[in-house]
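Colleague: Please read through the structure below; I'll follow up with questions.
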Amino acid sequence: MEFTVQQIAALLGGEIVGNENLTINKLEKIQDATSGCLAFLDNLKYEVHLYTTKASAVIVHKDFIPKEKIHTTLIKVSDPRASFSALLEEYYKFINFIKKGVEQPSYMASTSIMGSNEYRGAFSYIGENCIIGDNVKLYPHTYIGDNVTIGNNTILHSGVKIYAGCIIGNNCIIHSGVVIGSDGFGFAPLPDGSYKTVPQVGNVIIEDHVDIGANTVIDCATMGSTIIRQGVKLDNLIQIAHNVEIGKNTVIAAQTGVSGSTTIGEQCIIGGQVGFVGHITIANKTSIGAQAGIAKSVLKSGQSIAGTPAFDYKSNLKSMVVYKKLPELQAKIEDIEKKISITKP
Amino acid sequence: MEFTVQQIAALLGGEIVGNENLTINKLEKIQDATSGCLAFLDNLKYEVHLYTTKASAVIVHKDFIPKEKIHTTLIKVSDPRASFSALLEEYYKFINFIKKGVEQPSYMASTSIMGSNEYRGAFSYIGENCIIGDNVKLYPHTYIGDNVTIGNNTILHSGVKIYAGCIIGNNCIIHSGVVIGSDGFGFAPLPDGSYKTVPQVGNVIIEDHVDIGANTVIDCATMGSTIIRQGVKLDNLIQIAHNVEIGKNTVIAAQTGVSGSTTIGEQCIIGGQVGFVGHITIANKTSIGAQAGIAKSVLKSGQSIAGTPAFDYKSNLKSMVVYKKLPELQAKIEDIEKKISITKP
Amino acid sequence: MEFTVQQIAALLGGEIVGNENLTINKLEKIQDATSGCLAFLDNLKYEVHLYTTKASAVIVHKDFIPKEKIHTTLIKVSDPRASFSALLEEYYKFINFIKKGVEQPSYMASTSIMGSNEYRGAFSYIGENCIIGDNVKLYPHTYIGDNVTIGNNTILHSGVKIYAGCIIGNNCIIHSGVVIGSDGFGFAPLPDGSYKTVPQVGNVIIEDHVDIGANTVIDCATMGSTIIRQGVKLDNLIQIAHNVEIGKNTVIAAQTGVSGSTTIGEQCIIGGQVGFVGHITIANKTSIGAQAGIAKSVLKSGQSIAGTPAFDYKSNLKSMVVYKKLPELQAKIEDIEKKISITKP
């Protein structure tokens with residue numbers, strides 16, 4: 001994962017001022033960069049850092065002329081920020097997809113197939129009758145149960161567990177410790193006070209371009225499917241219960257929990273540590289503040305809500321302000337009561 | 001995992017109308033069923049689906065006569081819903097216990113023993129001096145530390161981690177990513193502002209018929225045992241701290257946390273994202289609303305509570321209603337104050 | 001892990017009254033002890049248990065004389081509580097560091113190095129170019145990505161996942177299911193309503209003497225480092241987002257979440273299920289009550305806060321008390337309004 005300044009300048013169509021043979025192994029902010037780093041300078045309020053940076057090279061605008069002596073190599077381009085972003089993206093793709101081949105020991109049932117350009121890390125496990133696409137990266141300790149389907153260009157980081165029968169789309173990134181397809185939480189009370197486990201025989205469907213954060217859990221449906229639609233982004237430690245559906249391009253922050261059979265619309269933005277009760281429907285483009293408790297359906301799209309139970313975002317802010325003054329309000333009421341009883345005839 | 005219509009009809013003692021040789025590989029709702037599915041029709045308000053369903057077969061009442069032409073095979077029984085439920089349970093047992101034998105590579109210390117009808121998935125690990133019962137299924141990547149005991153008919157899904165010395169009962173289902181026996185969170189402050197780790201040398205005891213959801217954590221006791229009693233059902237991502245005891249047949253929803261040395265009674269029903277402080281006692285049959293904060297003991301059994309800090313469930317609902325109107329109440333108080341000062345002589 | 005009474009007495013410099021050849025395999029409270037246990041008696045209000053305990057041996061004060069007949073062996077020392085604590089610590093170190101050598105199969109890239117007195121459990125994985133110190137214990141199913149550095153005396157319990165490029169200090173204890181270095185949650189909205197994954201190319205730095213509880217997640221920085229300073233203690237199921245910094249000796253209880261780019265000071269004490277928004281700063285020695293929502297920076301050190309949004313701890317307690325009476329207050333206000341309208345001319 002090392003490049004020379006010359007290779008990077010060639011990629012960006014940039015002009016080098018300084019040592020073209022230096023080695024770059026990291027992308028960093030100009031103020032934090034150390035030797036081996038490549039940084040960029042776009043907003044000139046950060047120019048001061050150029051003269052002290054330890055970065056091996058800095059991307060600057062093609063018309064930029066230093067005012068002081070510099071100790072770093074410059075790569076001159078027409079749009080430094082865009083060039084740096086492009087490099088970041090290339091670099092990110094590179095580190096995500098660099099792994100190739102099959103490390104041993106690993107386990108793959110003979111009834112399963114996997115596409116080209118595969119990575120199967122040591123101790124990865126693929127059960128029976130799985131169909132896995134091209135350019136899929138299964139890091140060490142991933143578990144793929146029987147009859148699982150995975151699309152192309154999907155990455156399962158170390159320790160991801162996919163239960164039997166689940167379907168994962170293309171271009172997904174699933175982080176370590178994620179569990180997909182565990183039993184929904186369903187129990188029927190018996191006369192003696194104990195509970196009988198309700199059979200959970202459905203699966204989970206994850207569509208394309210879904211990112212799932214570390215240690216998040218998505219339960220299988222009781223029957224049918226729990227569905228995560230295209231483009232959904234889930235943060236870490238989220239709970240998605242059985243038969244939930246999350247709409248296209250909805251984003252959910254960490255530690256939020258969605259109870260069984262709830263449907264969340266498209267393009268919602270949901271804060272962290274939010275809780276949803278089961279069997280409700282959330283309209284498209286709903287925004288929900290962190291730690292909210294969602295106790296009933298949101299029927300009109302495009303609303304912002306917060307609080308427990310959640311209501312209009314701005315109204316909740318106002319209630320929160322008054323909440324702090326509650327002891328004061330109580331004192332005022334007592335005071336008024338006294339005055340009134342005095343002024344009464 | 002395929003059956004013919006004939007096999008299923010024989011199992012249910014049903015009569016076949018149609019093709020008895022069709023293959024069934026899934027149980028599904030009649031409105032969602034596709035080819036290969038078996039569905040059922042009990043409530044006749046769903047009869048309309050019978051004439052359009054793609055299910056290969058549908059279980060119906062023995063006296064049922066279709067009003068229109070049907071394209072599916074019928075299995076006629078005396079109680080369609082009960083027959084379908086029975087099949088679901090058989091199928092669930094089947095898929096849970098189908099795995100048998102020892103996949104390689106797997107690791108089992110020579111000092112440990114395991115009963116009959118075992119499954120040890122590839123990359124499963126069993127430490128020293130473990131005693132594991134009959135019909136136990138250890139999925140890939142399970143970890144069993146030294147001196148662990150596990151009863152009969154218990155399933156550990158992929159990636160479950162059991163620390164040394166813990167005891168797991170019979171007929172438990174433990175889902176992926178569950179950690180049992182990690183250190184309790186105990187630290188003694190030192191004069192320099194740092195903390196010393198308090199030794200955690202106890203264990204966890206899980207009794208019979210306990211279900212534990214994915215990525216839930218149960219810490220070991222500082223000394224003695226953290227105890228999960230018979231029939232307890234824990235959802236996903238729950239935190240159970242050191243020296244906690246959860247009473248028989250108590251059910252806890254996802255993302256709830258129980259702090260150290262708290263005792264929860266029998267047959268409690270606890271919502272999601274609830275937090276309990278440490279060293280308190282919760283009476284039997286307590287119901288607790290989602291996101292509640294439990295700051296003190298609940299001494300009388302059978303109460304319903306909610307809120308933070310939690311109090312009577314219905315009273316909390318009433319306070320929540322007024323909370324939304326707080327800015328309005330504040331305005332009223334200000335208004336009253338003005339009026340009083342005007343009306344004063 | 002068995003010792004004789006004689007060995008323990010020798011270690012403590014104690015005098016034995018009774019059978020010196022008994023075997024001890026567990027440390028336990030005097031009231032809970034069974035055969036094979038060692039307990040202690042310090043506070044004489046527990047003396048009654050001495051005469052009924054099933055402990056094989058009990059540590060007592062050197063001047064202690066039993067009032068009744070006892071059935072257990074005594075070890076007499078000058079400070080029973082301190083002796084027992086010392087034994088607990090020795091025992092805890094012993095069980096934590098007893099594992100040695102390399103179990104097979106395990107995986108270690110040839111470009112990586114590991115110090116002396118190592119333990120690499122079966123199915124542990126070490127990627128390329130890692131530098132791992134002395135006396136490090138890697139339990140089964142641990143995953144160490146490429147270019148990771150780990151200091152001396154650090155324990156990674158079964159199933160810990162460390163992404164490429166992260167740095168772990170000396171004397172850390174990291175529990176099962178912990179994920180370190182997963183992608184930060186960063187997505188840029190596109191005109192069509194979908195999101196583009198923002199490349200996350202930074203790492204995580206864990207300094208010395210840090211304890212991390214089971215299934216906690218620490219995301220890598222977008223660029224630069226997410227930093228956990230020396231002596232920090234994190235409980236289970238905590239979420240630490242990208243570019244967060246947690247100051248020296250800060251303690252955080254279970255299920256708390258810290259959003260991106262937030263900086264928490266030194267020696268803070270933070271309760272469970274707390275949520276922090278991103279891009280704020282928390283002063284040193286801040287105490288935060290469980291379930292609080294921290295929506296803005298805390299600038300003055302040494303404050304205690306609670307509530308959502310959090311404010312002064314004691315004031316919040318007072319507001320909580322009034323919250324319960326809100327329906328009553330509302331009724332009073334309505335009552336006052338009626339009276340005023342009546343008394344008006």
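Every chain in the structure tokens takes a letter, A first, then B, and so on in the order presented; its residues are numbered from 1, and the ligands are numbered from 1 following the presented order.
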Would you please give, as a PyMOL selection string, all residues of segment 47-171 of chain A that DSSP assigns to alpha helix (DSSP H) based on the backbone?
Modeller: chain A and resi 47-50+80-97
Colleague: Find the spatial neighbours of Gln267 of chain C, counting only C-alpha atoms, within a cut-off of 8 Å - ignore same-chain residues fewer than 2 positions away - and output them as an mmCIF file with N, CA and C atoms, in the first residue's frame.
Modeller:
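Saved as part-v5.cif:
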```cif
data_model
loop_
_atom_site.group_PDB
_atom_site.id
_atom_site.type_symbol
_atom_site.label_atom_id
_atom_site.label_comp_id
_atom_site.auth_asym_id
_atom_site.auth_seq_id
_atom_site.Cartn_x
_atom_site.Cartn_y
_atom_site.Cartn_z
ATOM 1 N N GLY B 193 -5.872 8.908 40.735
ATOM 2 C CA GLY B 193 -6.950 9.134 39.774
ATOM 3 C C GLY B 193 -7.151 7.975 38.817
ATOM 4 N N SER B 194 -6.254 7.018 38.834
ATOM 5 C CA SER B 194 -6.440 5.842 37.975
ATOM 6 C C SER B 194 -7.275 4.791 38.714
ATOM 7 N N GLY C 247 -10.682 10.857 27.436
ATOM 8 C CA GLY C 247 -9.527 11.247 28.245
ATOM 9 C C GLY C 247 -9.143 10.215 29.294
ATOM 10 N N LYS C 248 -7.939 10.360 29.777
ATOM 11 C CA LYS C 248 -7.300 9.468 30.754
ATOM 12 C C LYS C 248 -8.213 9.141 31.946
ATOM 13 N N ASN C 249 -8.259 7.868 32.301
ATOM 14 C CA ASN C 249 -8.968 7.403 33.507
ATOM 15 C C ASN C 249 -10.461 7.718 33.532
ATOM 16 N N THR C 250 -11.040 7.918 32.393
ATOM 17 C CA THR C 250 -12.493 8.086 32.352
ATOM 18 C C THR C 250 -13.162 6.718 32.327
ATOM 19 N N VAL C 251 -14.293 6.609 33.037
ATOM 20 C CA VAL C 251 -15.015 5.346 33.172
ATOM 21 C C VAL C 251 -16.403 5.505 32.558
ATOM 22 N N GLY C 265 -13.282 14.485 28.475
ATOM 23 C CA GLY C 265 -12.098 14.790 29.262
ATOM 24 C C GLY C 265 -11.609 13.636 30.124
ATOM 25 N N ILE C 269 -16.900 10.300 34.986
ATOM 26 C CA ILE C 269 -17.649 9.093 35.354
ATOM 27 C C ILE C 269 -18.996 9.178 34.648
ATOM 28 N N ASN C 284 -13.030 17.830 32.062
ATOM 29 C CA ASN C 284 -12.523 16.813 32.989
ATOM 30 C C ASN C 284 -13.449 16.660 34.204
ATOM 31 N N LYS C 285 -13.429 15.475 34.775
ATOM 32 C CA LYS C 285 -14.141 15.187 36.030
ATOM 33 C C LYS C 285 -15.640 15.492 35.967
ATOM 34 N N THR C 286 -16.220 15.371 34.797
ATOM 35 C CA THR C 286 -17.667 15.506 34.690
ATOM 36 C C THR C 286 -18.311 14.184 35.076
#
```
Colleague: Residues at most 8 Å from segment 1-12 of chain B, counting only C-alpha atoms, excluding those fewer than 5 positions away in the same chain, as a PyMOL selection string?
Modeller: chain B and resi 19-25+57+75+77+83
Colleague: Hey, list the chain A side of the contact with chain B: 8 Å cut-off, only C-alpha atoms, answer as a PyMOL selection string.
Modeller: chain A and resi 105+107+123+125+141+143+159+161+177+179+182-183+185+193-195+198-201+215+217+223-224+237+239+255+257+275+293+308-309+311+315-316+318-319+322-323+329+332-333+336+340+343
Colleague: Calculated over only C-alpha atoms, which of the candidates C:Ile155, C:Ile294, C:Ala55, C:Ala82 has the smallest distance to Thr256 of chain C?
Modeller: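 The answer is C:Ile294, which sits nearest to Thr256 of chain C.
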Colleague: How many Å separate atom CA of Lys300 of chain B from atom CA of Ser287 of chain B?
Modeller: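 Rounded to one decimal, the two atoms are 11.6 Å apart.
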Colleague: Please return, as a ChimeraX atom specification, all residues of segment 209-275 of chain B that DSSP assigns to strand (DSSP E or B) on the basis of the backbone.
Modeller: /B:211-212,217-219,225-228,233-234,239-240,245-246,251-252,257-258,263-264,269-270,275
Colleague: Can you list, as a PDB file with N, CA, C and O atoms, in the first residue's frame, every protein, DNA or RNA residue that comes within 12 Å of Ile167 of chain C when you count only C-alpha atoms, leaving out same-chain residues fewer than 3 positions away?
Modeller:
```pdb
ATOM      1  N   CYS C 130       2.273  -7.201  11.504  1.00  0.00           N
ATOM      2  CA  CYS C 130       1.867  -6.851  12.866  1.00  0.00           C
ATOM      3  C   CYS C 130       3.058  -6.966  13.807  1.00  0.00           C
ATOM      4  O   CYS C 130       3.932  -7.819  13.627  1.00  0.00           O
ATOM      5  N   ILE C 131       3.050  -6.113  14.837  1.00  0.00           N
ATOM      6  CA  ILE C 131       4.084  -6.169  15.864  1.00  0.00           C
ATOM      7  C   ILE C 131       3.368  -6.348  17.201  1.00  0.00           C
ATOM      8  O   ILE C 131       2.649  -5.467  17.656  1.00  0.00           O
ATOM      9  N   ILE C 132       3.567  -7.510  17.806  1.00  0.00           N
ATOM     10  CA  ILE C 132       2.832  -7.864  19.021  1.00  0.00           C
ATOM     11  C   ILE C 132       3.836  -8.143  20.125  1.00  0.00           C
ATOM     12  O   ILE C 132       4.812  -8.877  19.917  1.00  0.00           O
ATOM     13  N   GLY C 133       3.602  -7.547  21.310  1.00  0.00           N
ATOM     14  CA  GLY C 133       4.584  -7.553  22.394  1.00  0.00           C
ATOM     15  C   GLY C 133       4.693  -8.878  23.143  1.00  0.00           C
ATOM     16  O   GLY C 133       4.168  -9.916  22.721  1.00  0.00           O
ATOM     17  N   ILE C 144      -6.667 -10.136  14.091  1.00  0.00           N
ATOM     18  CA  ILE C 144      -5.772  -8.971  14.091  1.00  0.00           C
ATOM     19  C   ILE C 144      -5.500  -8.645  12.624  1.00  0.00           C
ATOM     20  O   ILE C 144      -4.821  -9.416  11.934  1.00  0.00           O
ATOM     21  N   GLY C 145      -6.032  -7.535  12.125  1.00  0.00           N
ATOM     22  CA  GLY C 145      -5.819  -7.146  10.730  1.00  0.00           C
ATOM     23  C   GLY C 145      -4.367  -6.769  10.451  1.00  0.00           C
ATOM     24  O   GLY C 145      -3.526  -6.778  11.356  1.00  0.00           O
ATOM     25  N   ASP C 146      -4.074  -6.389   9.224  1.00  0.00           N
ATOM     26  CA  ASP C 146      -2.706  -6.029   8.840  1.00  0.00           C
ATOM     27  C   ASP C 146      -2.229  -4.782   9.590  1.00  0.00           C
ATOM     28  O   ASP C 146      -3.018  -3.913   9.947  1.00  0.00           O
ATOM     29  N   ASN C 147      -0.921  -4.706   9.797  1.00  0.00           N
ATOM     30  CA  ASN C 147      -0.280  -3.484  10.315  1.00  0.00           C
ATOM     31  C   ASN C 147      -0.785  -3.059  11.686  1.00  0.00           C
ATOM     32  O   ASN C 147      -0.821  -1.865  11.995  1.00  0.00           O
ATOM     33  N   VAL C 148      -1.185  -4.011  12.490  1.00  0.00           N
ATOM     34  CA  VAL C 148      -1.643  -3.702  13.851  1.00  0.00           C
ATOM     35  C   VAL C 148      -0.459  -3.813  14.815  1.00  0.00           C
ATOM     36  O   VAL C 148       0.403  -4.689  14.652  1.00  0.00           O
ATOM     37  N   THR C 149      -0.430  -2.931  15.810  1.00  0.00           N
ATOM     38  CA  THR C 149       0.582  -2.997  16.862  1.00  0.00           C
ATOM     39  C   THR C 149      -0.106  -3.249  18.199  1.00  0.00           C
ATOM     40  O   THR C 149      -1.100  -2.598  18.508  1.00  0.00           O
ATOM     41  N   ILE C 150       0.403  -4.191  18.980  1.00  0.00           N
ATOM     42  CA  ILE C 150      -0.136  -4.487  20.313  1.00  0.00           C
ATOM     43  C   ILE C 150       1.021  -4.523  21.303  1.00  0.00           C
ATOM     44  O   ILE C 150       2.040  -5.155  21.034  1.00  0.00           O
ATOM     45  N   GLY C 151       0.845  -3.829  22.466  1.00  0.00           N
ATOM     46  CA  GLY C 151       1.903  -3.767  23.473  1.00  0.00           C
ATOM     47  C   GLY C 151       2.034  -5.052  24.279  1.00  0.00           C
ATOM     48  O   GLY C 151       1.489  -6.096  23.909  1.00  0.00           O
ATOM     49  N   THR C 154      -1.089  -7.651  27.144  1.00  0.00           N
ATOM     50  CA  THR C 154      -2.466  -7.355  26.748  1.00  0.00           C
ATOM     51  C   THR C 154      -3.185  -8.655  26.411  1.00  0.00           C
ATOM     52  O   THR C 154      -2.614  -9.561  25.817  1.00  0.00           O
ATOM     53  N   ILE C 162      -9.783  -6.722  15.532  1.00  0.00           N
ATOM     54  CA  ILE C 162      -9.019  -5.468  15.413  1.00  0.00           C
ATOM     55  C   ILE C 162      -8.764  -5.222  13.927  1.00  0.00           C
ATOM     56  O   ILE C 162      -8.057  -6.009  13.278  1.00  0.00           O
ATOM     57  N   TYR C 163      -9.318  -4.134  13.386  1.00  0.00           N
ATOM     58  CA  TYR C 163      -9.114  -3.829  11.972  1.00  0.00           C
ATOM     59  C   TYR C 163      -7.666  -3.384  11.706  1.00  0.00           C
ATOM     60  O   TYR C 163      -6.950  -2.961  12.612  1.00  0.00           O
ATOM     61  N   ALA C 164      -7.321  -3.424  10.451  1.00  0.00           N
ATOM     62  CA  ALA C 164      -5.973  -3.069  10.007  1.00  0.00           C
ATOM     63  C   ALA C 164      -5.559  -1.687  10.499  1.00  0.00           C
ATOM     64  O   ALA C 164      -6.355  -0.754  10.514  1.00  0.00           O
ATOM     65  N   ASN C 170      -0.154  -1.368  26.187  1.00  0.00           N
ATOM     66  CA  ASN C 170       0.240  -2.400  27.144  1.00  0.00           C
ATOM     67  C   ASN C 170      -0.843  -2.610  28.189  1.00  0.00           C
ATOM     68  O   ASN C 170      -1.601  -1.689  28.507  1.00  0.00           O
ATOM     69  N   CYS C 172      -3.676  -4.021  28.482  1.00  0.00           N
ATOM     70  CA  CYS C 172      -5.098  -3.850  28.200  1.00  0.00           C
ATOM     71  C   CYS C 172      -5.813  -5.193  28.310  1.00  0.00           C
ATOM     72  O   CYS C 172      -5.225  -6.245  28.059  1.00  0.00           O
ATOM     73  N   ILE C 180     -12.744  -3.158  17.073  1.00  0.00           N
ATOM     74  CA  ILE C 180     -11.941  -1.930  17.102  1.00  0.00           C
ATOM     75  C   ILE C 180     -11.498  -1.595  15.678  1.00  0.00           C
ATOM     76  O   ILE C 180     -10.823  -2.401  15.027  1.00  0.00           O
ATOM     77  N   GLY C 181     -11.916  -0.406  15.205  1.00  0.00           N
ATOM     78  CA  GLY C 181     -11.425   0.057  13.896  1.00  0.00           C
ATOM     79  C   GLY C 181     -12.409  -0.099  12.755  1.00  0.00           C
ATOM     80  O   GLY C 181     -12.045   0.135  11.590  1.00  0.00           O
ATOM     81  N   GLY C 202      -8.739   6.414   8.641  1.00  0.00           N
ATOM     82  CA  GLY C 202      -7.965   6.577   9.868  1.00  0.00           C
ATOM     83  C   GLY C 202      -7.874   5.273  10.662  1.00  0.00           C
ATOM     84  O   GLY C 202      -8.182   4.195  10.147  1.00  0.00           O
ATOM     85  N   ASN C 203      -7.480   5.384  11.925  1.00  0.00           N
ATOM     86  CA  ASN C 203      -7.365   4.176  12.751  1.00  0.00           C
ATOM     87  C   ASN C 203      -7.879   4.437  14.159  1.00  0.00           C
ATOM     88  O   ASN C 203      -8.512   5.455  14.425  1.00  0.00           O
ATOM     89  N   VAL C 204      -7.640   3.489  15.056  1.00  0.00           N
ATOM     90  CA  VAL C 204      -7.953   3.651  16.481  1.00  0.00           C
ATOM     91  C   VAL C 204      -6.659   3.464  17.255  1.00  0.00           C
ATOM     92  O   VAL C 204      -5.874   2.556  16.946  1.00  0.00           O
ATOM     93  N   ILE C 205      -6.442   4.326  18.246  1.00  0.00           N
ATOM     94  CA  ILE C 205      -5.322   4.150  19.166  1.00  0.00           C
ATOM     95  C   ILE C 205      -5.882   3.908  20.569  1.00  0.00           C
ATOM     96  O   ILE C 205      -6.647   4.721  21.087  1.00  0.00           O
ATOM     97  N   ILE C 206      -5.504   2.779  21.149  1.00  0.00           N
ATOM     98  CA  ILE C 206      -5.874   2.441  22.534  1.00  0.00           C
ATOM     99  C   ILE C 206      -4.592   2.530  23.356  1.00  0.00           C
ATOM    100  O   ILE C 206      -3.637   1.807  23.063  1.00  0.00           O
ATOM    101  N   GLU C 207      -4.556   3.410  24.327  1.00  0.00           N
ATOM    102  CA  GLU C 207      -3.337   3.525  25.145  1.00  0.00           C
ATOM    103  C   GLU C 207      -3.268   2.415  26.211  1.00  0.00           C
ATOM    104  O   GLU C 207      -4.030   1.457  26.155  1.00  0.00           O
ATOM    105  N   ASP C 208      -2.367   2.549  27.173  1.00  0.00           N
ATOM    106  CA  ASP C 208      -2.110   1.488  28.162  1.00  0.00           C
ATOM    107  C   ASP C 208      -3.212   1.388  29.223  1.00  0.00           C
ATOM    108  O   ASP C 208      -3.911   2.351  29.502  1.00  0.00           O
ATOM    109  N   CYS C 220     -12.980   3.519  13.599  1.00  0.00           N
ATOM    110  CA  CYS C 220     -11.773   4.235  13.194  1.00  0.00           C
ATOM    111  C   CYS C 220     -12.125   5.683  12.857  1.00  0.00           C
ATOM    112  O   CYS C 220     -13.290   6.027  12.638  1.00  0.00           O
ATOM    113  N   SER C 225      -6.973   9.650  14.015  1.00  0.00           N
ATOM    114  CA  SER C 225      -7.198   8.552  14.967  1.00  0.00           C
ATOM    115  C   SER C 225      -8.351   8.819  15.924  1.00  0.00           C
ATOM    116  O   SER C 225      -8.516   9.938  16.403  1.00  0.00           O
ATOM    117  N   THR C 226      -9.119   7.791  16.195  1.00  0.00           N
ATOM    118  CA  THR C 226     -10.001   7.745  17.369  1.00  0.00           C
ATOM    119  C   THR C 226      -9.096   7.315  18.518  1.00  0.00           C
ATOM    120  O   THR C 226      -8.353   6.343  18.374  1.00  0.00           O
ATOM    121  N   ILE C 227      -9.169   8.035  19.659  1.00  0.00           N
ATOM    122  CA  ILE C 227      -8.169   7.779  20.706  1.00  0.00           C
ATOM    123  C   ILE C 227      -8.817   7.470  22.053  1.00  0.00           C
ATOM    124  O   ILE C 227      -9.652   8.223  22.550  1.00  0.00           O
ATOM    125  N   ILE C 228      -8.409   6.366  22.644  1.00  0.00           N
ATOM    126  CA  ILE C 228      -8.828   5.992  24.003  1.00  0.00           C
ATOM    127  C   ILE C 228      -7.579   6.094  24.870  1.00  0.00           C
ATOM    128  O   ILE C 228      -6.654   5.301  24.733  1.00  0.00           O
ATOM    129  N   ARG C 229      -7.584   7.098  25.772  1.00  0.00           N
ATOM    130  CA  ARG C 229      -6.386   7.391  26.555  1.00  0.00           C
ATOM    131  C   ARG C 229      -6.157   6.387  27.691  1.00  0.00           C
ATOM    132  O   ARG C 229      -7.053   5.637  28.073  1.00  0.00           O
TER     133      ARG C 229
END
```
Colleague: Atom CA of Gly260 of chain B and atom CA of Gly302 of chain B, how far apart in Å?
Modeller: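 The value is 23.3 Å.
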